[in-house]
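Reading through the structure tokens given below for one structure.
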Amino acid sequence: MSGRSAVPGVQGVALRARAAGHRRPWTRHLLGYALVAPLVLLMVGVIGYPLLNTVLLSFQDQGVVGSNSTYVGFENYGRALGDGEFWAAIGRSGIWLVGNLVVQTVIAFVTALVIGGNGRWARASRTWTLFPWVIPTVAVAVIWQWLSNSNYGVVPKAASAVGIDGLGSPFGDSALAMPALILMNSWHWFPLGAVVIYGAMRTIPGEIYEAARVDGANAWRTFWRITFPLLQPVLFALGLVGSLWSFNIVDSIYLVTKGGPADATTTAPVFIYNKAFNEFQASDAAAVSVVTIILLAALAFFYIRVARPKEDQ
Amino acid sequence: MTTALRWHRVPRLLAMAALTVMVLGPLYWITMSAFKDREEILRSTPTIFPEHPTLENFRELFTATDYPSYLTNSFIVALLTAFFTMLVSFAAAYGLYRLRIPGGNKVAGLILVAYMIPGTLLLVPLYQVFAKVQLVDTRNALVIVNVAFTAPFCTWLLRGFFFAIPRDIDEAAAVDGAGPVRMMFRIVLPLLRPGLSTVGVYAFVFSWTEFVFASQLLVSDDLKTLPIGLSAIMGQYTVNWGLLMAGTVCTVIPAIVPFLFAGRYFVGGLTAGAVK
């Protein structure tokens, strides 16, 4: 940037008109398309084409991924829809989704309120709060397995210090594995929601709070009558994107339990992953993927119809 | 009066203390564990701070395991991913939000859809595509996948940064005879540095943590990245927690350090993106 960019107003307008007049727009458009092309090609090649291929594959009888196959019609779909294990996995995905959504939203809200303070520590917290989100999932998995280790973990030890003895590692217990994984995954993901909610809260004008204070509203009332309703659009978007992202998580689950013990943590994406790469039934995995995408799209559509904020511009 | 005011602050202070323990506590604990020797780490009454801090775990990690190779691979893949994501998303955002090509809105809409598509569900066909073009078991395959999944979101993230640059600058430069290409590199690119660093850090971190694609697209041991390698170490050395903690600390630090430098823009960029 140099002084050259400073053009006086009126003269600038006149020159601008002339410059725009003799510039041939198609070269400009050509440049624009050339710039967008790499992104579009990547999206088509890595997302679009495989998506189409999933559909094609679901009508074939491929075993090991990439091997030869023939057309079998709706056979795979029949098997997928009649598979009790698949529906059980969908059910667990529902628990996973709702559990993560509730836990993360509550923690993110409290965090957003706390990191918005003016103190030095509060300001620093806006950076370190994001650490759990930034660190790799494999590290999250190791950290929580170490903290909850039944022999040496600090959490069972702290629990026994306050009188709760014999706490084993929750990840090995089929009843506790799912809630424990939801908590672990929420630790990994809540910072994103917290920062987004914090950012949205800052856009609410201070005068509104001032007016509420003058009217004698307490903090609780102010939160439910002002903050919460004004955050609706952001919460709506966060709920949609966050839910889709949580639904699709494989790494948090797979790295800790591989879907076990006894399938207790096999959600739909883990089920698909196992089917394709451990049971070598690529076509079945594809059919299950298509059914899952359709269910997910229906759910997203329903959510948008029901939860979309009313006064949407 | 003052006491009343202080009481008012108690819930907030408690919540802040809880947040601090919840976020920084586990990170503190693994760091301390990494510096403990074999006896101390398994002691029945854990020590808050290592009595005899040792680097033995780190020495073993870098000499007796394949960790150095995993670390190198992760760095190569993450740096390439960050570089190409910055390139692709900057170019696309310039075309979409600055040159405003006809049909740009449709592409912008597709971008939003793309970042909601479940990546895992595409794993099977994607593996086939890469097998067809002989890219399975190469780092390039992983870079391509990572860029494809980060670039759409990053293009969208750059939108806010582009809108913050006044259009008058373009027009003034056009008057001076600068063509769109020159304008892009000389004028817009320098102003977009905060946006690009946000995008770079996001792509680096995404690639650093990516597990699902890396687990299937990379087969050879000498190509494996950290998420795969560390989980393999976890399987092999289940009892050697000190070693595992050293590995975890070394895996966490490269994700946190770039974030500390660009974090300010990062938080700003994400919140700006969310509010719009």
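Each chain of the structure tokens is named A, B, ... in the order shown, its residues numbered from 1; ligands are numbered from 1 in display order.
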* Asked: Could you write out as a ChimeraX atom specification the residues of chain A within 7 Å of chain B, counting only C-alpha atoms?
  -> /A:1,5-7,15-16,19,29,32-33,35-36,38-39,42-43,46,50-51,53-54,65-66,114,127,129,131-132,134-139,143,152,195-196,199-200,234,241,244,248,251,269,276,282,289
Review point. Quick one: residues within 7 Å of B:Pro53, only C-alpha atoms counted, chain neighbours fewer than 2 positions away excluded, as number ranges by chain?
Key: B: 35-36, 50-51
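Our summary of the geometry notes that atom CA of A:Glu85 is positioned 8.6 Å from atom CA of A:Phe271.
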Between B:Phe162, B:Asp66, B:Gln236, B:Asn73, smallest distance to B:Met184 by only C-alpha atoms belongs to B:Phe162
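Atom CA of A:Ala161 lies 23.6 Å from atom CA of B:Ala34.
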Residue neighbourhood B:Ala262, 7 Å, only C-alpha atoms, exclusion window fewer than 4 positions, as a list in words:
Ser197, Thr198, Pro258 and Phe266 of chain B
